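Q: Sharing query.cif here; it has mmCIF, C-alpha atoms.
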```cif
data_upload
#
loop_
_atom_site.label_atom_id
_atom_site.label_comp_id
_atom_site.auth_asym_id
_atom_site.auth_seq_id
_atom_site.Cartn_x
_atom_site.Cartn_y
_atom_site.Cartn_z
CA MET X 1 33.64 -23.98 23.19
CA MET X 2 34.13 -20.23 23.70
CA SER X 3 36.47 -20.06 20.71
CA GLY X 4 33.66 -21.44 18.57
CA LEU X 5 31.21 -18.82 19.85
CA LYS X 6 33.71 -16.11 18.90
CA ASN X 7 34.40 -17.53 15.44
CA ARG X 8 33.54 -14.80 12.90
CA GLY X 9 34.42 -16.78 9.78
CA ARG X 10 32.04 -17.16 6.82
CA LYS X 11 32.84 -20.63 5.47
CA LYS X 12 30.89 -23.83 6.12
CA GLU X 13 33.48 -25.07 8.60
CA ASP X 14 33.05 -21.80 10.53
CA VAL X 15 29.29 -22.28 10.55
CA ASP X 16 29.73 -25.85 11.83
CA ASP X 17 32.21 -24.69 14.48
CA ARG X 18 29.84 -22.04 15.79
CA ARG X 19 26.85 -24.38 15.78
CA ASN X 20 28.80 -27.03 17.69
CA ALA X 21 29.70 -24.38 20.25
CA VAL X 22 26.06 -23.26 20.53
CA GLU X 23 24.97 -26.89 20.99
CA ALA X 24 27.54 -27.37 23.74
CA PHE X 25 26.54 -24.12 25.45
CA THR X 26 22.78 -24.75 25.32
CA GLY X 27 22.66 -28.52 25.52
CA VAL X 28 20.36 -28.60 22.48
CA LYS X 29 21.13 -30.60 19.34
CA LEU X 30 20.43 -28.39 16.27
CA THR X 31 19.99 -31.18 13.73
CA SER X 32 17.35 -29.46 11.60
CA ILE X 33 19.04 -26.08 11.65
CA ALA X 34 22.22 -27.84 10.49
CA SER X 35 20.44 -29.26 7.45
CA TYR X 36 20.60 -26.78 4.55
CA SER X 37 21.67 -26.69 0.92
CA ILE X 38 23.19 -23.26 0.33
CA ASP X 39 26.86 -22.27 0.49
CA PRO X 40 27.23 -20.05 3.58
CA LEU X 41 29.50 -17.75 1.58
CA LEU X 42 26.46 -16.76 -0.48
CA ALA X 43 24.92 -15.34 2.70
CA ALA X 44 28.05 -13.45 3.75
CA LYS X 45 26.37 -10.09 3.08
CA ASN X 46 23.10 -11.11 4.72
CA ILE X 47 23.95 -12.44 8.20
CA GLU X 48 26.62 -12.64 10.87
CA ASN X 49 27.33 -15.58 13.23
CA MET X 50 25.49 -17.98 10.92
CA ILE X 51 24.83 -21.41 12.43
CA GLY X 52 22.48 -22.84 9.79
CA CYS X 53 19.11 -22.15 8.21
CA VAL X 54 15.49 -22.15 9.34
CA GLN X 55 13.15 -23.64 6.76
CA VAL X 56 9.73 -22.09 6.11
CA PRO X 57 7.16 -24.00 4.00
CA VAL X 58 6.58 -22.42 0.59
CA GLY X 59 3.35 -22.71 -1.38
CA PHE X 60 1.95 -20.83 -4.34
CA VAL X 61 -1.24 -19.06 -5.35
CA GLY X 62 -2.62 -18.49 -8.82
CA PRO X 63 -2.72 -18.32 -11.72
CA LEU X 64 -3.65 -14.69 -11.14
CA VAL X 65 -4.42 -12.49 -14.14
CA ILE X 66 -2.81 -9.08 -13.73
CA ARG X 67 -3.23 -6.09 -16.04
CA GLY X 68 -0.52 -3.65 -15.02
CA ASP X 69 1.92 -1.34 -16.71
CA HIS X 70 4.79 -3.71 -15.86
CA ALA X 71 3.12 -7.03 -14.93
CA ASN X 72 0.74 -8.17 -17.65
CA GLY X 73 -0.33 -11.80 -17.85
CA ASP X 74 -0.98 -14.88 -15.71
CA PHE X 75 1.22 -15.37 -12.65
CA LEU X 76 1.94 -17.97 -9.98
CA ILE X 77 3.05 -16.26 -6.75
CA PRO X 78 5.21 -17.98 -4.10
CA MET X 79 4.23 -17.53 -0.45
CA ALA X 80 6.28 -18.75 2.53
CA THR X 81 4.24 -19.07 5.70
CA THR X 82 3.39 -21.21 8.70
CA GLU X 83 -0.16 -19.84 8.95
CA ALA X 84 -2.73 -22.40 7.90
CA ALA X 85 -5.55 -21.24 5.58
CA LEU X 86 -3.60 -18.22 4.31
CA VAL X 87 -2.49 -19.70 0.99
CA ALA X 88 -5.88 -21.36 0.44
CA SER X 89 -7.69 -18.08 1.08
CA VAL X 90 -5.46 -15.99 -1.17
CA ASN X 91 -5.68 -18.66 -3.85
CA ARG X 92 -9.47 -18.39 -3.77
CA GLY X 93 -9.17 -14.64 -4.23
CA CYS X 94 -6.86 -15.18 -7.21
CA SER X 95 -9.40 -17.53 -8.78
CA VAL X 96 -12.21 -15.02 -8.36
CA ILE X 97 -10.22 -12.08 -9.73
CA THR X 98 -8.99 -14.12 -12.69
CA ALA X 99 -12.52 -15.30 -13.50
CA SER X 100 -13.58 -11.63 -13.42
CA GLY X 101 -11.00 -10.46 -15.96
CA GLY X 102 -8.02 -9.76 -13.73
CA ALA X 103 -6.61 -7.07 -11.45
CA ARG X 104 -5.73 -3.61 -12.78
CA VAL X 105 -2.57 -2.15 -11.23
CA VAL X 106 -0.75 1.20 -11.43
CA ILE X 107 2.30 2.60 -9.64
CA THR X 108 1.94 6.32 -8.99
CA LYS X 109 5.15 7.00 -7.05
CA ASP X 110 8.52 5.31 -6.58
CA GLU X 111 10.83 7.03 -4.08
CA MET X 112 12.88 5.74 -1.15
CA THR X 113 13.47 8.21 1.68
CA ARG X 114 16.00 8.96 4.38
CA ALA X 115 15.59 11.90 6.77
CA PRO X 116 18.59 13.06 8.83
CA VAL X 117 18.07 15.39 11.79
CA PHE X 118 20.24 18.46 12.28
CA LYS X 119 20.62 20.72 15.32
CA VAL X 120 20.32 24.40 14.43
CA LYS X 121 21.02 27.49 16.55
CA ASP X 122 17.47 28.79 16.67
CA VAL X 123 14.36 29.15 14.52
CA ARG X 124 15.92 31.88 12.35
CA HIS X 125 18.89 29.65 11.65
CA MET X 126 16.44 26.88 10.79
CA VAL X 127 14.86 29.12 8.15
CA GLU X 128 18.27 30.10 6.79
CA VAL X 129 19.38 26.46 6.46
CA THR X 130 16.09 25.46 4.86
CA ARG X 131 16.43 28.23 2.28
CA TRP X 132 20.06 27.36 1.62
CA VAL X 133 19.11 23.73 0.96
CA ALA X 134 16.41 24.81 -1.51
CA ASP X 135 18.77 27.23 -3.28
CA HIS X 136 21.63 24.72 -3.52
CA PHE X 137 19.71 21.57 -4.42
CA ALA X 138 21.86 20.90 -7.51
CA GLU X 139 25.06 20.91 -5.45
CA ILE X 140 23.54 18.66 -2.79
CA LYS X 141 22.25 16.32 -5.49
CA LYS X 142 25.77 16.07 -6.92
CA GLU X 143 27.21 15.14 -3.51
CA ALA X 144 24.54 12.50 -2.90
CA GLU X 145 24.75 10.92 -6.32
CA SER X 146 28.55 10.72 -6.20
CA THR X 147 28.11 7.68 -3.92
CA THR X 148 25.85 5.58 -6.19
CA LYS X 149 25.54 4.38 -9.78
CA HIS X 150 21.78 3.90 -9.67
CA GLY X 151 20.38 6.31 -7.08
CA ARG X 152 18.91 9.67 -8.14
CA LEU X 153 17.99 12.39 -5.63
CA VAL X 154 14.51 13.65 -6.48
CA SER X 155 13.63 16.06 -3.67
CA ILE X 156 14.42 17.28 -0.16
CA GLN X 157 11.48 18.17 2.08
CA PRO X 158 12.12 20.10 5.33
CA PHE X 159 10.34 19.62 8.67
CA ALA X 160 11.27 21.51 11.83
CA ALA X 161 10.52 21.71 15.55
CA GLY X 162 12.50 24.16 17.66
CA ARG X 163 16.22 23.54 17.13
CA SER X 164 15.63 20.24 15.31
CA LEU X 165 15.61 20.37 11.52
CA PHE X 166 14.69 17.26 9.56
CA LEU X 167 15.43 17.00 5.83
CA ARG X 168 13.52 14.18 4.12
CA PHE X 169 15.59 13.08 1.10
CA SER X 170 13.70 11.16 -1.62
CA TYR X 171 15.50 8.96 -4.16
CA GLU X 172 14.81 6.87 -7.20
CA THR X 173 16.73 3.65 -6.51
CA GLY X 174 16.26 1.52 -9.62
CA ASP X 175 15.58 -2.16 -8.94
CA ALA X 176 17.03 -2.18 -5.43
CA MET X 177 14.75 -1.59 -2.46
CA GLY X 178 17.28 1.18 -1.89
CA MET X 179 17.49 1.76 1.86
CA ASN X 180 21.27 1.30 2.07
CA MET X 181 21.73 3.30 -1.12
CA ALA X 182 19.68 6.18 0.28
CA THR X 183 21.51 6.11 3.61
CA ILE X 184 24.98 6.27 2.09
CA ALA X 185 24.00 9.00 -0.36
CA THR X 186 22.25 11.06 2.32
CA GLU X 187 25.23 10.86 4.63
CA ALA X 188 27.44 12.42 1.95
CA ALA X 189 24.89 15.16 1.29
CA ALA X 190 24.30 15.79 5.00
CA LYS X 191 28.00 16.30 5.67
CA TYR X 192 28.10 18.84 2.84
CA ILE X 193 25.10 20.69 4.29
CA GLU X 194 26.72 20.64 7.73
CA LYS X 195 29.94 22.12 6.36
CA GLU X 196 28.18 24.88 4.41
CA THR X 197 25.46 25.96 6.87
CA GLY X 198 26.68 25.34 10.41
CA ALA X 199 23.76 23.01 11.12
CA VAL X 200 25.06 20.06 13.13
CA LEU X 201 24.20 16.57 11.90
CA VAL X 202 22.88 14.65 14.91
CA SER X 203 21.69 11.43 13.25
CA ILE X 204 21.57 10.24 9.66
CA SER X 205 18.12 8.84 10.47
CA GLY X 206 15.84 11.19 12.35
CA ASN X 207 12.70 8.99 12.18
CA MET X 208 10.99 11.23 9.64
CA CYS X 209 11.96 8.74 6.92
CA THR X 210 10.10 6.73 8.38
CA ASP X 211 11.80 3.34 8.28
CA LYS X 212 10.26 0.18 9.78
CA LYS X 213 7.73 2.03 11.90
CA ALA X 214 4.06 2.78 11.31
CA ALA X 215 3.84 6.50 10.53
CA ALA X 216 1.30 8.87 9.05
CA ILE X 217 3.95 10.50 6.85
CA ASN X 218 4.40 7.24 4.93
CA PHE X 219 0.65 6.68 4.75
CA ILE X 220 0.14 10.14 3.24
CA LEU X 221 3.30 10.86 1.22
CA GLY X 222 4.37 7.30 0.49
CA ARG X 223 7.71 5.54 0.80
CA GLY X 224 9.09 3.06 -1.69
CA LYS X 225 6.40 2.32 -4.26
CA THR X 226 2.87 3.68 -4.01
CA VAL X 227 0.65 1.14 -5.76
CA HIS X 228 -3.07 1.14 -6.56
CA VAL X 229 -4.92 -2.01 -7.63
CA ASP X 230 -8.59 -2.78 -8.25
CA ALA X 231 -11.00 -5.30 -9.74
CA LEU X 232 -14.69 -5.54 -10.57
CA ILE X 233 -16.28 -8.83 -9.53
CA PRO X 234 -19.61 -9.65 -11.23
CA ARG X 235 -22.50 -10.43 -8.90
CA GLU X 236 -22.86 -13.99 -10.20
CA ILE X 237 -19.22 -14.75 -9.38
CA VAL X 238 -19.57 -13.25 -5.91
CA ASP X 239 -22.55 -15.55 -5.41
CA SER X 240 -21.10 -18.74 -6.91
CA LYS X 241 -17.48 -18.51 -5.72
CA LEU X 242 -17.67 -16.39 -2.57
CA HIS X 243 -21.13 -17.46 -1.33
CA THR X 244 -22.24 -13.94 -0.48
CA THR X 245 -23.41 -10.71 -2.14
CA PRO X 246 -21.63 -7.53 -3.27
CA GLU X 247 -23.69 -5.57 -0.73
CA SER X 248 -22.58 -7.78 2.16
CA VAL X 249 -18.89 -7.59 1.23
CA ALA X 250 -19.09 -3.80 0.79
CA GLU X 251 -20.73 -3.39 4.19
CA ALA X 252 -18.23 -5.67 5.90
CA SER X 253 -15.40 -3.69 4.35
CA PHE X 254 -16.87 -0.34 5.39
CA ARG X 255 -17.65 -1.28 8.97
CA LYS X 256 -14.39 -3.22 9.45
CA ASN X 257 -11.78 -1.40 7.36
CA GLN X 258 -13.03 2.16 7.61
CA VAL X 259 -15.08 2.42 10.83
CA GLY X 260 -13.22 -0.18 12.88
CA SER X 261 -9.77 0.96 11.81
CA GLY X 262 -10.77 4.59 12.36
CA LEU X 263 -12.07 3.87 15.84
CA ALA X 264 -8.82 2.07 16.65
CA LEU X 265 -6.80 4.95 15.12
CA ALA X 266 -5.03 2.33 13.04
CA TYR X 267 -2.77 3.26 10.12
CA GLY X 268 -3.90 0.19 8.20
CA PHE X 269 -7.46 0.37 6.86
CA ASN X 270 -7.52 -3.22 5.64
CA ALA X 271 -8.34 -6.80 6.56
CA HIS X 272 -4.91 -8.47 6.61
CA ILE X 273 -2.53 -7.05 4.02
CA ALA X 274 0.41 -7.78 6.34
CA ASN X 275 -0.28 -11.52 5.99
CA ILE X 276 0.17 -11.49 2.24
CA LEU X 277 3.20 -9.21 2.28
CA ALA X 278 4.91 -11.27 4.97
CA ALA X 279 4.54 -14.52 3.03
CA ILE X 280 5.78 -13.02 -0.25
CA PHE X 281 8.59 -11.05 1.44
CA ILE X 282 9.95 -14.15 3.18
CA ALA X 283 9.77 -16.22 -0.01
CA THR X 284 11.53 -13.62 -2.17
CA GLY X 285 14.24 -12.21 0.09
CA GLN X 286 12.68 -8.86 0.93
CA ASP X 287 13.27 -7.15 4.29
CA PRO X 288 10.51 -8.56 6.55
CA ALA X 289 10.72 -5.58 8.92
CA GLN X 290 9.36 -3.34 6.16
CA ILE X 291 6.05 -5.15 6.33
CA VAL X 292 5.36 -2.54 9.02
CA GLU X 293 5.12 0.21 6.38
CA GLY X 294 3.66 -2.08 3.74
CA SER X 295 0.76 -3.09 5.97
CA MET X 296 -0.54 0.50 6.04
CA GLY X 297 -2.81 -0.16 3.09
CA MET X 298 -6.38 0.94 2.49
CA THR X 299 -9.00 -1.45 1.14
CA THR X 300 -12.31 -0.10 -0.16
CA CYS X 301 -15.37 -1.85 -1.55
CA GLU X 302 -18.43 -0.50 -3.38
CA VAL X 303 -21.36 -1.86 -5.31
CA VAL X 304 -20.97 -0.64 -8.90
CA ASP X 305 -23.51 -1.63 -11.57
CA HIS X 306 -24.69 -4.48 -9.33
CA SER X 307 -21.12 -5.84 -9.14
CA LEU X 308 -18.51 -5.70 -6.38
CA TYR X 309 -15.77 -3.11 -6.91
CA ILE X 310 -12.74 -3.65 -4.66
CA SER X 311 -9.52 -1.65 -4.47
CA VAL X 312 -6.31 -1.60 -2.44
CA ARG X 313 -3.96 1.35 -1.99
CA LEU X 314 -0.44 0.48 -0.83
CA PRO X 315 1.33 3.78 -0.10
CA SER X 316 4.57 2.27 1.15
CA LEU X 317 5.55 -0.92 -0.63
CA GLU X 318 9.31 -1.31 -0.27
CA VAL X 319 10.56 -4.11 -2.50
CA GLY X 320 13.50 -4.87 -4.76
CA THR X 321 14.67 -7.51 -7.21
CA VAL X 322 18.42 -6.99 -6.79
CA GLY X 323 20.60 -6.85 -3.69
CA GLY X 324 19.86 -7.90 -0.12
CA GLY X 325 18.14 -11.24 0.35
CA THR X 326 17.35 -11.54 -3.36
CA ARG X 327 20.92 -12.84 -3.83
CA LEU X 328 20.16 -16.10 -2.02
CA PRO X 329 19.40 -19.22 -4.12
CA CYS X 330 15.89 -20.09 -2.87
CA GLN X 331 14.78 -16.48 -2.97
CA ARG X 332 16.17 -16.09 -6.49
CA GLU X 333 14.11 -19.08 -7.62
CA ALA X 334 10.98 -17.61 -6.04
CA LEU X 335 11.49 -14.32 -7.89
CA ALA X 336 12.23 -16.21 -11.11
CA MET X 337 8.84 -17.99 -10.80
CA MET X 338 7.23 -14.63 -11.51
CA GLY X 339 9.79 -13.42 -14.05
CA CYS X 340 10.98 -10.87 -11.48
CA LEU X 341 14.63 -11.76 -10.96
CA GLY X 342 17.24 -9.09 -11.57
CA GLU X 343 17.30 -5.69 -13.20
CA SER X 344 14.27 -3.85 -14.63
CA LYS X 345 11.90 -6.09 -12.64
CA ALA X 346 11.16 -4.22 -9.41
CA LYS X 347 8.04 -2.41 -10.65
CA LYS X 348 6.71 -5.62 -12.15
CA PHE X 349 7.23 -7.35 -8.83
CA ALA X 350 5.50 -4.53 -6.94
CA GLU X 351 2.44 -4.81 -9.17
CA ILE X 352 2.29 -8.57 -8.60
CA VAL X 353 2.56 -8.12 -4.82
CA ALA X 354 -0.23 -5.53 -4.84
CA ALA X 355 -2.53 -7.72 -6.95
CA THR X 356 -1.92 -10.64 -4.59
CA ALA X 357 -2.76 -8.42 -1.63
CA LEU X 358 -6.03 -7.55 -3.38
CA ALA X 359 -6.80 -11.26 -3.74
CA GLY X 360 -6.16 -11.81 -0.05
CA GLU X 361 -8.38 -8.90 0.95
CA LEU X 362 -11.21 -10.02 -1.31
CA SER X 363 -11.25 -13.59 -0.03
CA THR X 364 -11.08 -12.67 3.66
CA LEU X 365 -13.72 -9.94 3.45
CA ALA X 366 -16.02 -12.32 1.58
CA ALA X 367 -15.45 -15.05 4.18
CA GLU X 368 -16.32 -12.62 6.95
CA ALA X 369 -19.39 -11.38 5.09
CA ALA X 370 -20.52 -14.99 4.57
CA GLY X 371 -19.74 -16.03 8.15
CA GLU X 372 -17.16 -18.59 6.99
CA LEU X 373 -13.89 -17.25 8.44
CA ALA X 374 -13.83 -19.26 11.63
CA SER X 375 -14.91 -22.50 9.92
CA ALA X 376 -12.13 -22.15 7.34
CA HIS X 377 -9.48 -21.74 10.05
CA LYS X 378 -10.98 -24.62 12.01
CA ALA X 379 -10.87 -26.89 8.95
CA LEU X 380 -7.35 -25.98 7.79
CA GLY X 381 -5.58 -24.84 10.93
CA ARG X 382 -6.40 -27.52 13.48
#
```
Just dump the structure as structure tokens.

A:
Amino acid sequence: MMSGLKNRGRKKEDVDDRRNAVEAFTGVKLTSIASYSIDPLLAAKNIENMIGCVQVPVGFVGPLVIRGDHANGDFLIPMATTEAALVASVNRGCSVITASGGARVVITKDEMTRAPVFKVKDVRHMVEVTRWVADHFAEIKKEAESTTKHGRLVSIQPFAAGRSLFLRFSYETGDAMGMNMATIATEAAAKYIEKETGAVLVSISGNMCTDKKAAAINFILGRGKTVHVDALIPREIVDSKLHTTPESVAEASFRKNQVGSGLALAYGFNAHIANILAAIFIATGQDPAQIVEGSMGMTTCEVVDHSLYISVRLPSLEVGTVGGGTRLPCQREALAMMGCLGESKAKKFAEIVAATALAGELSTLAAEAAGELASAHKALGR
């Protein structure tokens, strides 16, 4: 039994051996976990100690009309979730936005960050190192980019406190989400800075990145893709499809998303963006932990020309269409559903994700304004 638990092989027989050992150790038969269709070797770069697969139900929403710079047309979006009413609610939002002419989407920034922390001698040394970094950016850029074919160092922003100096490196990472790319490149650059300045590299990640944690720096400066999306919903559609009024939705949004979130000191000024991101991330092989940053969106609503204007700002949407979990067969199919598989597709995918988040926000805010949220969950979730 213990030999099976220590098996580090990647083939199907290794997976079976480990699972048999886990079953013997726990006394639990893992029949469902043992039932899967993929070749374990395809997941060799995604997981260690594999014993099988956990299946999550996948549905779809749409068609959703999107008018973006990269996504332009009608789309069906896959969502993997175990939360009842989520897909139905987002699908309603898609229907309303499509009937209103579609969602308008723009990406205003696309940079992945990594921020190592250095120990300096004192505050004067901190200033000297900071100036050296600014004066030798081209050399540092060369060191960083020597590690990658696709990554491009865009900027280095310093932050300091006492003897701790943080350098926030920002990269363009092509169609990869880019976290590993940025880490490897930054390590090479940081070692060069250490050699030339005497600043001591303490950690390649100093938490000023900030990765997989809610942080104001990401909310303000962005990380990954910063995406803005909006739609104008005519009053008659708000009435007929959402059973409420533009004024009621706008007030619900203000008192919930702005006042409530502000009172809670929340970094997310929205209804439930994390729900939509989680379902799409799981379906398409994104890193689910980065929903933390992605959820820090801001949703606003106004009455404009008697219609409902709704917008979502996603300052830190970290997605990719190559590498990571996008290599796996089911996740590849989910990306292919949207025409987002492979190279030159990441920005298109980001626009689709943002538009779907808008649909989810619209439907939930309208349900709350109409007093229908609880009844919908009762009908679909029990």

Q: Using all atoms listed in the file, can you tell me which of X:Val200, X:Ile233, X:Cys330, X:Leu335 comes closest to X:Tyr36?

A: X:Cys330

Q: Considering only C-alpha atoms, state which residue in the set X:Gly151, X:Pro57, X:Gly297, X:Gly342 is at the smallest distance from X:Met181.

A: X:Gly151

Q: Using only C-alpha atoms, find the one residue out of X:Pro246, X:Pro116, X:Glu251, X:Val127 that sits nearest to X:Lys191.

A: X:Pro116

Q: Please provide as a count of residues only all residues within 12 Å of X:Lys6, with the sequence filter that same-chain residues fewer than 5 positions apart are discarded (counting all atoms listed in the file).

A: 11

Q: If you apply the PyMOL selection byres ((chain X and resi 81) around 10) to this file, what residues do you get, as JSON, numbers by chain?

A: {"X": [56, 57, 58, 59, 78, 79, 80, 82, 83, 84, 86, 87, 275, 276, 278, 279, 280, 282, 283]}

Q: For X:Ala367, list every protein, DNA or RNA residue within 12 Å, evaluated using only C-alpha atoms, and leave out those in the same chain fewer than 5 positions away; present the list as number ranges by chain.

A: X: 85, 89-90, 92-93, 238-239, 241-245, 248-249, 252-253, 271, 360-362, 372-377

Q: Restricting the calculation to all atoms listed in the file, which member of X:Gly198, X:Gly62, X:Gly268, X:Pro315 is positioned closest to X:Asn91?

A: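 Among X:Gly198, X:Gly62, X:Gly268, X:Pro315, it is X:Gly62 that comes nearest to X:Asn91.
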
Q: Nearest to X:Arg255 among X:Glu368, X:Phe281, X:Ser295, X:Pro234, with distances taken over all atoms listed in the file: which residue is it?

A: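 Comparing X:Glu368, X:Phe281, X:Ser295, X:Pro234 against X:Arg255, the winner is X:Glu368.
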
Q: Step by step, work through what the PyMOL selection byres ((chain X and resi 176) around 10) selects in the shown file, and finish by giving those residues as an MDAnalysis selection string.

A: chainID X and resid 112 150:151 172:175 177:181 318:324 326 342:346

Q: Once the PyMOL selection byres ((chain X and resi 325) around 8) is applied to the coordinates I shared, what remains selected? I want it as a PDB file with C-alpha atoms, in the frame of the given file.

A:
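Final output, saved to expr_24.pdb:
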```
ATOM      1  CA  ASN X  46      23.100 -11.110   4.720  1.00  0.00           C
ATOM      2  CA  THR X 284      11.530 -13.620  -2.170  1.00  0.00           C
ATOM      3  CA  GLY X 285      14.240 -12.210   0.090  1.00  0.00           C
ATOM      4  CA  GLN X 286      12.680  -8.860   0.930  1.00  0.00           C
ATOM      5  CA  ASP X 287      13.270  -7.150   4.290  1.00  0.00           C
ATOM      6  CA  GLY X 323      20.600  -6.850  -3.690  1.00  0.00           C
ATOM      7  CA  GLY X 324      19.860  -7.900  -0.120  1.00  0.00           C
ATOM      8  CA  THR X 326      17.350 -11.540  -3.360  1.00  0.00           C
ATOM      9  CA  ARG X 327      20.920 -12.840  -3.830  1.00  0.00           C
ATOM     10  CA  LEU X 328      20.160 -16.100  -2.020  1.00  0.00           C
ATOM     11  CA  GLN X 331      14.780 -16.480  -2.970  1.00  0.00           C
TER      12      GLN X 331
END
```

Q: Do you have the atom CA of X:Val312-atom CA of X:Lys347 distance handy?

A: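 Pair atom CA of X:Val312 / atom CA of X:Lys347 returns 16.6 Å.
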
Q: What box, with edges along x, y and z, holds each listed atom of stretch 246-252 of chain X when 8 Å is added on every side, and can you state its centre and edge lengths in Å to one decimal, as JSON?

A:
```
{"center_x": -21.0, "center_y": -5.6, "center_z": 1.3, "size_x": 21.5, "size_y": 20.4, "size_z": 25.2}
```

Q: Would you work out the distance separating atom CA of X:Pro329 from atom CA of X:Leu76, expressed in Å to one decimal?

A: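 One can read the atom CA of X:Pro329 to atom CA of X:Leu76 distance as 18.5 Å.
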
Q: Which residues of stretch 192-282 of chain X have any atom within 7 Å of an atom in stretch 290-294 of chain X when counting all atoms listed in the file, and what is the closest pair of atoms for each, with the distance in Å to one decimal? Order the rows by chain and rising number and write it as a tab-separated table.

A:
```
residue	atom	partner	partner_atom	distance
X:Lys212	CA	X:Gln290	CA	5.1
X:Lys213	CA	X:Val292	CA	5.9
X:Ala214	CA	X:Glu293	CA	5.7
X:Ala274	CA	X:Ile291	CA	6.2
X:Leu277	CA	X:Ile291	CA	6.4
X:Ala278	CA	X:Ile291	CA	6.4
```

Q: Compare X:Ala44, X:Ala369, X:Ala161, X:Leu167 by their minimum atom-to-atom distance to X:Thr130, counting all atoms listed in the file, and give me the closest one.

A: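 Under the stated criterion, the closest residue is X:Leu167.
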
Q: How many Å lie between atom CA of X:Arg223 and atom CA of X:Phe349, rounded to one decimal?

A: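 About the pair atom CA of X:Arg223 and atom CA of X:Phe349: they are 16.1 Å apart.
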
Q: Please work out which residues fall within 6 Å of (-12.7, 1.4, 4.6), coordinates as given in the file, with all atoms listed in the file counting, and return them as a list in words.

A: Ser253, Phe254, Asn257, Gln258, Phe269, Thr299 and Thr300 of chain X

Q: Using all atoms listed in the file, which residues sit within 10 Å of X:Arg114 once same-chain residues fewer than 4 positions away are excluded, as a list in words?

A: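 Listing them by chain and then by number gives Ile156, Phe166, Leu167, Arg168, Phe169, Ser170, Tyr171, Met179, Asn180, Met181, Ala182, Thr183, Ile184, Ala185, Thr186, Glu187, Ile204, Ser205, Gly206, Asn207, Met208, Cys209, Thr210, Asp211 and Arg223 of chain X.
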
Q: Pick out the residues sitting within 8 Å of X:Lys121, and hand them over as a short mmCIF file (atom, residue, chain, number, x, y, z; two decimals) with C-alpha atoms, in the coordinates of the input; count only C-alpha atoms, and ignore anything fewer than 3 positions along from it in its own chain.

A:
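Saved file out_34.cif follows:
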```
data_model
loop_
_atom_site.label_atom_id
_atom_site.label_comp_id
_atom_site.auth_asym_id
_atom_site.auth_seq_id
_atom_site.Cartn_x
_atom_site.Cartn_y
_atom_site.Cartn_z
CA ARG X 124 15.92 31.88 12.35
CA HIS X 125 18.89 29.65 11.65
CA MET X 126 16.44 26.88 10.79
CA ARG X 163 16.22 23.54 17.13
CA ALA X 199 23.76 23.01 11.12
#
```
